[in-house]
file my_file_1.txt (compact mmCIF, C-alpha atoms and all ligand atoms)
# COMPACT_ATOMS: atom_id res chain seq x y z
CA MET X 1 41.84 -10.35 -168.27
CA LYS X 2 45.32 -11.83 -168.31
CA LYS X 3 47.98 -9.70 -169.94
CA ARG X 4 49.50 -11.30 -173.03
CA LEU X 5 52.73 -10.21 -174.57
CA ASP X 6 51.45 -11.13 -178.03
CA ASP X 7 48.88 -8.33 -177.78
CA TYR X 8 51.74 -5.83 -177.98
CA ARG X 9 52.36 -6.85 -181.59
CA ASP X 10 49.66 -4.30 -182.41
CA VAL X 11 51.82 -1.53 -180.96
CA VAL X 12 55.48 -2.42 -181.52
CA LEU X 13 57.29 -4.41 -184.20
CA ASP X 14 56.95 -8.20 -184.16
CA GLU X 15 60.74 -8.38 -183.81
CA VAL X 16 60.55 -6.65 -180.44
CA VAL X 17 58.02 -9.12 -179.06
CA ASP X 18 59.94 -12.07 -180.52
CA LEU X 19 63.13 -10.79 -178.92
CA ILE X 20 61.46 -10.57 -175.50
CA TYR X 21 60.33 -14.22 -175.74
CA GLU X 22 63.75 -15.30 -176.93
CA GLN X 23 65.69 -13.46 -174.22
CA ALA X 24 63.21 -14.44 -171.50
CA HIS X 25 63.79 -18.08 -172.33
CA LYS X 26 67.27 -17.81 -170.82
CA LEU X 27 65.66 -17.08 -167.46
CA SER X 28 62.97 -19.75 -167.71
CA ASP X 29 64.39 -21.77 -164.80
CA LYS X 30 64.59 -18.70 -162.53
CA HIS X 31 62.17 -17.38 -159.98
CA VAL X 32 62.12 -13.63 -159.35
CA VAL X 33 60.27 -11.61 -156.73
CA HIS X 34 59.52 -7.88 -156.51
CA VAL X 35 58.69 -6.28 -153.17
CA ASN X 36 57.20 -2.81 -152.76
CA SER X 37 54.80 -1.09 -150.42
CA THR X 38 51.53 -0.69 -152.32
CA TYR X 39 49.42 -2.34 -155.01
CA GLU X 40 47.64 0.92 -155.76
CA GLY X 41 48.64 4.53 -156.35
CA GLY X 42 51.86 6.02 -157.64
CA GLY X 43 54.24 5.06 -160.39
CA VAL X 44 55.86 1.97 -158.84
CA ALA X 45 52.60 0.05 -158.49
CA GLU X 46 51.57 1.28 -161.93
CA MET X 47 54.66 -0.26 -163.52
CA LEU X 48 54.65 -3.49 -161.54
CA LYS X 49 51.05 -4.13 -162.61
CA SER X 50 52.30 -4.43 -166.18
CA VAL X 51 55.90 -5.59 -165.87
CA VAL X 52 55.18 -8.52 -163.52
CA PRO X 53 52.36 -10.22 -165.48
CA LEU X 54 54.15 -9.64 -168.79
CA LEU X 55 57.39 -11.18 -167.53
CA ASN X 56 55.37 -14.23 -166.48
CA ASP X 57 53.74 -14.41 -169.89
CA ALA X 58 57.18 -14.17 -171.47
CA GLY X 59 58.28 -17.16 -169.39
CA VAL X 60 60.11 -15.63 -166.40
CA LYS X 61 58.41 -16.75 -163.17
CA THR X 62 57.98 -13.46 -161.37
CA GLY X 63 56.14 -12.80 -158.12
CA TRP X 64 55.09 -9.58 -156.43
CA ARG X 65 54.83 -9.08 -152.68
CA ILE X 66 53.71 -6.14 -150.65
CA LEU X 67 55.18 -4.99 -147.37
CA PHE X 68 52.50 -4.93 -144.69
CA GLY X 69 52.94 -1.42 -143.32
CA SER X 70 50.91 0.68 -140.89
CA TYR X 71 49.85 4.33 -141.10
CA GLY X 72 52.59 5.26 -138.59
CA PHE X 73 55.19 3.35 -140.58
CA TYR X 74 54.22 5.06 -143.84
CA LYS X 75 54.36 8.45 -142.14
CA ILE X 76 57.98 7.72 -141.30
CA THR X 77 58.85 6.31 -144.72
CA LYS X 78 57.21 9.30 -146.47
CA GLU X 79 59.52 11.51 -144.38
CA PHE X 80 62.42 9.34 -145.55
CA HIS X 81 61.22 9.67 -149.14
CA ASN X 82 61.07 13.46 -148.75
CA ALA X 83 64.51 13.57 -147.13
CA LEU X 84 66.04 11.40 -149.86
CA GLN X 85 64.80 14.09 -152.26
CA GLY X 86 66.58 16.75 -150.16
CA ASP X 87 64.29 17.68 -147.23
CA GLU X 88 65.42 18.19 -143.66
CA LEU X 89 64.65 15.34 -141.26
CA THR X 90 64.86 14.70 -137.55
CA LEU X 91 66.07 11.16 -137.47
CA SER X 92 65.09 9.89 -134.02
CA ALA X 93 65.87 6.49 -132.55
CA GLU X 94 62.14 5.84 -132.39
CA LYS X 95 61.73 6.33 -136.15
CA LYS X 96 64.65 4.01 -136.85
CA ASN X 97 63.24 1.39 -134.51
CA ARG X 98 59.76 1.43 -136.05
CA TYR X 99 61.24 1.29 -139.54
CA GLU X 100 63.46 -1.66 -138.75
CA GLU X 101 60.97 -3.50 -136.56
CA LEU X 102 58.26 -3.53 -139.21
CA ASN X 103 60.73 -4.90 -141.73
CA ALA X 104 61.98 -7.52 -139.26
CA ASN X 105 58.40 -8.58 -138.66
CA ASN X 106 57.60 -8.81 -142.40
CA SER X 107 60.77 -10.80 -143.02
CA SER X 108 59.47 -13.54 -140.73
CA PHE X 109 56.68 -14.51 -143.14
CA MET X 110 57.78 -13.26 -146.57
CA HIS X 111 59.82 -16.35 -147.51
CA LEU X 112 62.09 -14.60 -149.95
CA ASP X 113 63.85 -17.73 -151.22
CA HIS X 114 63.71 -16.80 -154.92
CA ASP X 115 66.66 -16.64 -157.33
CA TYR X 116 66.53 -12.83 -157.40
CA VAL X 117 64.95 -10.43 -154.91
CA ILE X 118 64.11 -6.93 -156.12
CA ILE X 119 63.25 -4.39 -153.46
CA HIS X 120 61.58 -1.14 -154.52
CA ASP X 121 62.20 2.17 -152.75
CA PRO X 122 63.06 2.80 -149.08
CA GLN X 123 60.07 1.17 -147.35
CA PRO X 124 61.23 -2.48 -147.62
CA LEU X 125 64.94 -1.62 -147.89
CA PRO X 126 65.92 -3.08 -144.45
CA LEU X 127 64.37 -6.51 -145.17
CA ILE X 128 67.79 -7.65 -146.33
CA ARG X 129 69.12 -7.26 -142.81
CA PHE X 130 66.69 -9.84 -141.40
CA VAL X 131 66.94 -12.71 -143.88
CA LYS X 132 69.49 -15.32 -144.73
CA LYS X 133 70.61 -13.95 -148.06
CA LYS X 134 71.53 -16.63 -150.62
CA GLN X 135 70.86 -14.89 -153.91
CA PRO X 136 71.31 -11.50 -155.61
CA TRP X 137 69.33 -8.73 -153.95
CA ILE X 138 68.70 -5.60 -155.98
CA TRP X 139 67.55 -2.25 -154.63
CA ARG X 140 65.43 -0.48 -157.25
CA ALA X 141 65.24 3.17 -156.12
CA HIS X 142 62.65 5.25 -157.99
CA ILE X 143 63.45 8.47 -156.15
CA ASP X 144 65.57 11.39 -157.29
CA LEU X 145 68.70 10.61 -155.24
CA SER X 146 70.85 13.42 -156.62
CA ASN X 147 70.71 15.56 -153.47
CA PRO X 148 69.81 13.31 -150.54
CA ASN X 149 69.73 14.35 -146.92
CA GLN X 150 73.15 13.15 -145.76
CA SER X 151 72.26 12.07 -142.25
CA LEU X 152 69.46 9.85 -143.55
CA LEU X 153 71.65 8.44 -146.30
CA SER X 154 74.42 7.57 -143.87
CA TYR X 155 71.87 5.69 -141.74
CA LEU X 156 70.40 3.85 -144.77
CA LYS X 157 73.86 3.06 -146.13
CA LYS X 158 74.25 0.07 -143.82
CA PHE X 159 71.28 -1.56 -145.61
CA ILE X 160 72.09 -0.35 -149.11
CA VAL X 161 75.63 -1.76 -149.18
CA MET X 162 74.30 -5.22 -148.36
CA TYR X 163 72.69 -5.29 -151.81
CA ASP X 164 74.38 -6.66 -154.92
CA SER X 165 73.21 -3.81 -157.10
CA ILE X 166 71.23 -0.58 -157.16
CA ILE X 167 69.02 0.39 -160.08
CA VAL X 168 68.10 4.05 -160.53
CA SER X 169 66.08 5.92 -163.16
CA ARG X 170 68.82 8.35 -164.20
CA GLU X 171 72.61 8.30 -164.10
CA SER X 172 72.81 11.37 -161.86
CA TYR X 173 70.90 9.43 -159.14
CA MET X 174 73.72 6.92 -158.67
CA LEU X 175 75.13 6.89 -155.15
CA PRO X 176 78.81 7.51 -154.39
CA TYR X 177 79.32 3.91 -153.24
CA ASP X 178 81.71 1.39 -154.65
CA MET X 179 79.10 -1.13 -155.75
CA HIS X 180 77.32 -2.25 -158.91
CA GLN X 181 74.79 0.33 -160.11
CA ALA X 182 72.66 0.48 -163.24
CA VAL X 183 70.13 2.74 -164.91
CA ILE X 184 66.76 1.46 -166.10
CA HIS X 185 64.27 3.98 -167.40
CA PRO X 186 60.68 3.51 -166.31
CA SER X 187 57.90 2.88 -168.82
CA ILE X 188 54.20 3.08 -169.54
CA ASP X 189 51.92 0.32 -170.77
CA PRO X 190 50.12 1.35 -173.97
CA LEU X 191 47.37 -1.25 -173.52
CA THR X 192 46.07 -0.37 -170.05
CA LEU X 193 42.76 1.42 -169.53
CA LYS X 194 44.80 4.50 -168.75
CA ASN X 195 46.75 4.57 -171.99
CA ARG X 196 44.86 2.73 -174.67
CA ASP X 197 43.02 4.49 -177.48
CA MET X 198 39.75 6.12 -176.55
CA ASP X 199 37.28 7.69 -178.95
CA GLU X 200 36.15 11.28 -178.62
CA ASP X 201 32.60 10.41 -177.54
CA ARG X 202 33.89 8.36 -174.65
CA VAL X 203 36.30 11.14 -173.68
CA SER X 204 33.44 13.68 -173.64
CA LYS X 205 31.18 11.33 -171.71
CA LEU X 206 33.82 10.71 -169.03
CA LEU X 207 34.58 14.41 -168.70
CA GLY X 208 30.87 15.20 -168.65
CA ASP X 209 30.42 12.87 -165.67
CA PHE X 210 32.69 15.26 -163.78
CA LYS X 211 31.08 18.41 -165.23
CA ILE X 212 34.19 19.21 -167.27
CA THR X 213 33.14 20.86 -170.52
CA GLN X 214 35.19 21.06 -173.70
CA ASP X 215 33.93 24.43 -174.89
CA LYS X 216 37.25 26.00 -173.93
CA PRO X 217 40.79 24.62 -173.83
CA ILE X 218 41.70 22.41 -170.88
CA ILE X 219 45.03 22.42 -169.15
CA SER X 220 45.66 19.73 -166.57
CA GLN X 221 48.01 18.02 -164.18
CA VAL X 222 47.45 14.41 -163.17
CA SER X 223 49.45 13.65 -160.03
CA ARG X 224 49.19 12.50 -156.44
CA PHE X 225 48.44 15.46 -154.15
CA ASP X 226 52.02 15.83 -153.04
CA ARG X 227 53.95 19.04 -152.57
CA TRP X 228 56.80 17.72 -154.77
CA LYS X 229 54.27 17.84 -157.62
CA ASP X 230 53.62 21.52 -156.80
CA PRO X 231 49.81 21.72 -157.21
CA ASN X 232 49.99 25.28 -155.81
CA GLY X 233 52.38 26.19 -158.60
CA VAL X 234 49.94 24.75 -161.14
CA ILE X 235 47.24 27.07 -159.79
CA ARG X 236 49.60 30.04 -160.00
CA VAL X 237 50.39 29.22 -163.62
CA TYR X 238 46.68 28.75 -164.42
CA ASP X 239 45.93 32.13 -162.86
CA ARG X 240 48.39 33.78 -165.25
CA VAL X 241 47.22 31.83 -168.32
CA ARG X 242 43.49 32.52 -167.87
CA LYS X 243 44.14 36.27 -167.87
CA LYS X 244 45.21 35.90 -171.50
CA ILE X 245 43.20 32.90 -172.72
CA ASP X 246 39.92 31.62 -171.33
CA CYS X 247 40.58 28.01 -170.32
CA SER X 248 39.82 25.50 -167.60
CA LEU X 249 42.13 23.60 -165.29
CA VAL X 250 41.82 20.00 -164.14
CA LEU X 251 43.85 18.79 -161.18
CA LEU X 252 43.35 15.06 -160.91
CA GLY X 253 45.05 13.18 -158.12
CA SER X 254 44.41 9.85 -156.53
CA THR X 255 45.96 9.05 -153.17
CA ALA X 256 48.46 6.30 -152.54
CA PHE X 257 48.18 3.98 -149.54
CA ASP X 258 51.83 4.56 -148.66
CA ASP X 259 51.55 8.37 -148.88
CA PRO X 260 49.71 9.69 -145.81
CA GLU X 261 50.29 13.36 -146.74
CA GLY X 262 47.90 13.37 -149.71
CA GLU X 263 44.64 14.07 -147.88
CA ALA X 264 45.79 17.33 -146.26
CA ILE X 265 47.31 18.60 -149.49
CA TYR X 266 44.12 17.80 -151.41
CA HIS X 267 42.07 19.90 -148.95
CA ASP X 268 44.58 22.72 -149.12
CA VAL X 269 44.31 22.73 -152.93
CA LEU X 270 40.50 22.74 -152.73
CA ASN X 271 40.61 25.81 -150.49
CA GLN X 272 42.85 27.63 -152.90
CA VAL X 273 40.62 27.21 -155.93
CA ASN X 274 37.37 28.45 -154.32
CA GLU X 275 37.40 31.66 -156.32
CA TYR X 276 37.69 29.98 -159.76
CA GLU X 277 34.73 28.74 -161.77
CA ASP X 278 36.67 26.65 -164.23
CA VAL X 279 38.95 24.66 -161.98
CA HIS X 280 38.14 21.00 -161.31
CA VAL X 281 39.95 19.33 -158.45
CA ILE X 282 39.23 15.61 -158.43
CA SER X 283 40.56 13.07 -155.98
CA GLN X 284 39.74 9.69 -157.34
CA ALA X 285 41.54 6.61 -158.66
CA ASN X 286 40.02 6.33 -162.12
CA ASP X 287 42.20 5.14 -165.00
CA ASN X 288 39.60 5.93 -167.64
CA LEU X 289 39.33 9.47 -166.37
CA VAL X 290 43.12 9.87 -166.42
CA ASN X 291 43.05 8.70 -170.02
CA ALA X 292 40.25 11.12 -170.96
CA VAL X 293 41.81 14.11 -169.18
CA GLN X 294 45.27 13.61 -170.68
CA ARG X 295 43.68 13.17 -174.11
CA ALA X 296 41.28 16.13 -173.90
CA SER X 297 43.87 18.56 -172.57
CA SER X 298 45.42 21.05 -174.95
CA VAL X 299 48.47 21.14 -172.69
CA VAL X 300 49.46 18.89 -169.80
CA LEU X 301 51.55 20.37 -167.00
CA GLN X 302 54.03 18.63 -164.75
CA LYS X 303 55.13 21.36 -162.37
CA SER X 304 57.12 19.09 -160.06
CA VAL X 305 59.86 20.51 -157.86
CA ARG X 306 61.57 17.13 -157.73
CA GLU X 307 60.64 14.03 -159.65
CA GLY X 308 62.14 10.56 -159.87
CA PHE X 309 60.72 10.10 -163.38
CA ALA X 310 57.03 11.16 -163.77
CA LEU X 311 55.18 8.49 -165.72
CA THR X 312 52.42 11.05 -166.17
CA VAL X 313 54.62 12.89 -168.67
CA SER X 314 55.00 9.87 -170.96
CA GLU X 315 51.31 9.07 -170.48
CA ALA X 316 50.32 12.50 -171.80
CA LEU X 317 52.84 12.47 -174.65
CA TRP X 318 51.59 9.03 -175.70
CA LYS X 319 48.18 10.65 -176.22
CA GLU X 320 49.75 13.30 -178.44
CA THR X 321 49.35 16.01 -175.84
CA PRO X 322 52.33 18.37 -175.50
CA VAL X 323 53.72 18.77 -172.00
CA VAL X 324 55.06 21.88 -170.27
CA ALA X 325 57.09 20.65 -167.35
CA SER X 326 59.82 21.45 -164.85
CA ASN X 327 63.35 20.75 -165.88
CA VAL X 328 63.96 18.40 -162.95
CA GLY X 329 64.68 14.73 -162.30
CA GLY X 330 63.40 12.31 -164.91
CA ILE X 331 61.34 14.91 -166.79
CA PRO X 332 64.07 16.08 -169.22
CA LEU X 333 64.55 12.44 -170.25
CA GLN X 334 61.04 12.62 -171.67
CA VAL X 335 60.41 16.25 -172.64
CA LYS X 336 62.73 17.66 -175.27
CA ASP X 337 62.36 21.42 -175.17
CA GLY X 338 60.68 22.75 -178.31
CA PHE X 339 60.20 19.22 -179.76
CA ASN X 340 57.42 17.58 -177.77
CA GLY X 341 56.81 20.26 -175.14
CA TYR X 342 58.71 22.83 -173.12
CA LEU X 343 60.97 22.65 -170.11
CA VAL X 344 60.90 25.44 -167.53
CA GLU X 345 62.56 26.06 -164.18
CA PRO X 346 60.22 24.94 -161.37
CA THR X 347 59.83 28.40 -159.83
CA ASP X 348 59.53 30.33 -163.07
CA TYR X 349 55.72 30.61 -163.12
CA ASN X 350 55.78 33.41 -165.71
CA LYS X 351 57.82 31.42 -168.18
CA CYS X 352 55.67 28.35 -167.59
CA ALA X 353 52.49 30.36 -168.23
CA GLU X 354 54.08 31.93 -171.30
CA ARG X 355 54.83 28.47 -172.73
CA VAL X 356 51.30 27.25 -172.07
CA ILE X 357 49.87 30.38 -173.72
CA LYS X 358 52.13 29.85 -176.70
CA LEU X 359 50.79 26.32 -177.20
CA LEU X 360 47.16 27.33 -176.62
CA SER X 361 47.45 30.06 -179.20
CA ASP X 362 49.11 27.88 -181.82
CA PRO X 363 47.15 24.60 -182.08
CA ARG X 364 49.09 23.51 -185.16
CA LYS X 365 52.37 23.73 -183.31
CA ALA X 366 50.82 22.00 -180.30
CA HIS X 367 49.57 19.18 -182.52
CA LYS X 368 52.99 18.74 -184.15
CA MET X 369 54.64 18.55 -180.73
CA GLY X 370 52.02 16.04 -179.60
CA VAL X 371 52.76 13.81 -182.58
CA ASN X 372 56.48 14.07 -181.82
CA GLY X 373 55.70 13.15 -178.22
CA ARG X 374 53.93 9.92 -179.07
CA LYS X 375 56.77 8.84 -181.35
CA TYR X 376 59.35 9.68 -178.68
CA VAL X 377 57.51 7.60 -176.09
CA LYS X 378 57.08 4.75 -178.53
CA ASP X 379 60.83 4.69 -179.17
CA ASN X 380 61.89 5.02 -175.54
CA PHE X 381 59.35 4.53 -172.79
CA LEU X 382 57.05 1.62 -173.55
CA VAL X 383 56.83 -1.44 -171.33
CA THR X 384 58.29 -3.67 -174.07
CA ARG X 385 61.65 -1.88 -173.81
CA HIS X 386 61.39 -2.10 -170.02
CA LEU X 387 60.90 -5.89 -170.12
CA LEU X 388 64.02 -6.27 -172.25
CA ASP X 389 65.99 -4.11 -169.78
CA TRP X 390 64.90 -6.27 -166.85
CA ILE X 391 65.68 -9.52 -168.65
CA LYS X 392 69.10 -8.23 -169.69
CA PHE X 393 69.88 -6.97 -166.22
CA LEU X 394 68.89 -10.23 -164.50
CA GLY X 395 70.76 -12.27 -167.07
CA GLU X 396 73.96 -10.35 -166.40
CA ILE X 397 73.99 -9.90 -162.64
N1 LIG X 401 47.76 8.50 -161.23
C1 LIG X 401 46.46 8.04 -161.34
N2 LIG X 401 45.46 8.83 -160.92
C2 LIG X 401 45.67 10.04 -160.42
C3 LIG X 401 47.01 10.52 -160.28
C4 LIG X 401 48.04 9.71 -160.70
O1 LIG X 401 46.23 6.93 -161.84
O2 LIG X 401 44.69 10.70 -160.07
C5 LIG X 401 48.83 7.66 -161.77
C6 LIG X 401 49.49 8.30 -162.97
O3 LIG X 401 48.66 8.15 -164.10
C7 LIG X 401 50.79 7.53 -163.03
C8 LIG X 401 51.10 7.27 -161.57
O4 LIG X 401 49.86 7.43 -160.85
O5 LIG X 401 50.62 6.31 -163.71
C9 LIG X 401 52.07 8.27 -161.01
O6 LIG X 401 53.36 7.98 -161.43
P1 LIG X 401 54.47 9.08 -161.50
O7 LIG X 401 55.74 8.42 -161.89
O8 LIG X 401 54.00 10.19 -162.39
O9 LIG X 401 54.56 9.70 -160.04
P2 LIG X 401 54.66 9.08 -158.56
O10 LIG X 401 53.26 9.14 -158.01
O11 LIG X 401 55.19 7.70 -158.66
O12 LIG X 401 55.55 10.03 -157.84

call {"tool": "encode", "arguments": {"input": "my_file_1.txt", "output": "structure tokens", "more": "lines below"}}
Ligand code: UDP
result
Amino acid sequence: MKKRLDDYRDVVLDEVVDLIYEQAHKLSDKHVVHVNSTYEGGGVAEMLKSVVPLLNDAGVKTGWRILFGSYGFYKITKEFHNALQGDELTLSAEKKNRYEELNANNSSFMHLDHDYVIIHDPQPLPLIRFVKKKQPWIWRAHIDLSNPNQSLLSYLKKFIVMYDSIIVSRESYMLPYDMHQAVIHPSIDPLTLKNRDMDEDRVSKLLGDFKITQDKPIISQVSRFDRWKDPNGVIRVYDRVRKKIDCSLVLLGSTAFDDPEGEAIYHDVLNQVNEYEDVHVISQANDNLVNAVQRASSVVLQKSVREGFALTVSEALWKETPVVASNVGGIPLQVKDGFNGYLVEPTDYNKCAERVIKLLSDPRKAHKMGVNGRKYVKDNFLVTRHLLDWIKFLGEI
């Protein structure tokens, strides 16, 4: 079904929807294109699936193109992603060549002759080098850029400075370059299968299909199997919690086409949970199941070591589930310690377990925090606010 902006009148005030139509009108003669590296898996695709159709419905002609990458190319760009978040990297000439060549090749058939070109993340970043640029190009980086590997950044700089602007998810991710930079916070779509209301019977049925019972509290983490999301840490926390309170753990993680590391990490996680009866490790792209798990959980964890934003946090809060999460990257924008969840240091497993236990043993407090969470997301991280940010940004650049 086509997405319609008017449907969001059921969620946010009419004035908000009216304002989107009104502001979008100013861009009605413009043609915008977004380019990223996957239609499926991960937060960028998740957001584009809502933002792009809704901008069209609002009256801004907006296209979405995907870079045609190969497994080898995505292995390199995942290394770049990791290094931009602070990892070491051996930056060989071969890697640079493959990275640039694939972008050069894509540029020959992408026809990026729109009024604005928006490039997401490092994979398609070099496209700009291989086209005749006539319009504003914007690099939308979703990664935590606060501590990037310097040798990689100095290589990527030659592409980045060709852009007219960079958009990041948090002020501390801005790069020390003398160029236009802006912050746009990500968002979730309250009307997708993943986030819309779901009754308890349907939740139980979906969980039952995966043999997850609700006779004891559930704690969960929904995230790609990626070491930045620290699934091992989640298991360590669960191990501490279950010694005090009988509960089950769900680790749900789909894989993303542009993340070739996921498979190995998934198998490593499976091996680690052999000894537990009540741990469910599921690797499947299933929006209904994400919805059910986030809803049925007493506490949602986001144990990330680094995190550009973590849509999964807002997704859980939207379902009135309190979140215990690492105080890193975009997470503290969403979790306010003691209000809608708790923030902990990523390596403090004891504290994390203690916070989870606290919420499991005080359901009234947990419920209150969950209610606070939904309100906080409604005020700050819904797609309607995101559409207005994009329209404002494009109108001003
Ligand atoms: N996701 C999903 N199924 C899974 C795991 C993750 O649909 O099994 C979704 C999740 O609900 C969220 C997105 O993938 O919408 C992940 O975005 P986030 O910003 O949390 O992390 P990223 O993967 O972009 O680092």

call {"tool": "closest_residue", "arguments": {"input": "my_file_1.txt", "among": "X:Asn195, X:Gln334, X:Asn274, X:Asn56", "to": "ligand LIG 401 (chain X)", "atoms": "only C-alpha atoms and all ligand atoms"}}
result
X:Asn195

call {"tool": "residues_near_ligand", "arguments": {"input": "my_file_1.txt", "ligand": "ligand LIG 401 (chain X)", "cutoff": "6 Å", "atoms": "all atoms listed in the file", "output": "list in words"}}
result
Gly41, Gly42, Gly43, Val44, Glu46, Val222, Ser223, Arg224, Leu252, Gly253, Ser254, Gln284, Ala285, Asp287, Phe309, Ala310, Leu311 and Thr312 of chain X

call {"tool": "closest_residue", "arguments": {"input": "my_file_1.txt", "among": "X:Val299, X:Leu317, X:Ala264, X:Leu5", "to": "Ser283 (chain X)", "atoms": "all atoms listed in the file"}}
result
X:Ala264

call {"tool": "residues_around", "arguments": {"input": "my_file_1.txt", "residues": "Lys26 (chain X)", "least_positions_apart": "3", "cutoff": "9 Å", "atoms": "all atoms listed in the file", "output": "list of chain:residue names"}}
result
X:Glu22, X:Gln23, X:Asp29, X:Lys30, X:Val60, X:Ile391, X:Gly395

call {"tool": "closest_residue", "arguments": {"input": "my_file_1.txt", "among": "X:Ile143, X:Leu112, X:Val131, X:Ile397", "to": "His81 (chain X)", "atoms": "all atoms listed in the file"}}
result
X:Ile143

call {"tool": "residues_around", "arguments": {"input": "my_file_1.txt", "residues": "Trp139 (chain X)", "least_positions_apart": "6", "cutoff": "8 Å", "atoms": "only C-alpha atoms", "output": "list in words"}}
result
Ile118, Ile119, His120, Asp121, Leu125, Ile160, Tyr163, Ser165, Ile166 and Ile167 of chain X

call {"tool": "write_last_selection", "arguments": {"input": "my_file_1.txt", "atoms": "C-alpha atoms", "output": "CSV table (one decimal), keeping the file's coordinate frame"}}
result
chain,number,residue,atom,x,y,z
X,118,ILE,CA,64.1,-6.9,-156.1
X,119,ILE,CA,63.2,-4.4,-153.5
X,120,HIS,CA,61.6,-1.1,-154.5
X,121,ASP,CA,62.2,2.2,-152.8
X,125,LEU,CA,64.9,-1.6,-147.9
X,160,ILE,CA,72.1,-0.4,-149.1
X,163,TYR,CA,72.7,-5.3,-151.8
X,165,SER,CA,73.2,-3.8,-157.1
X,166,ILE,CA,71.2,-0.6,-157.2
X,167,ILE,CA,69.0,0.4,-160.1

call {"tool": "closest_residue", "arguments": {"input": "my_file_1.txt", "among": "X:Val293, X:Ile128, X:Leu48, X:Leu382", "to": "Ser204 (chain X)", "atoms": "only C-alpha atoms"}}
result
X:Val293

call {"tool": "closest_residue", "arguments": {"input": "my_file_1.txt", "among": "X:Val281, X:Ala24, X:Ala292, X:Ile245", "to": "Asp201 (chain X)", "atoms": "all atoms listed in the file"}}
result
X:Ala292
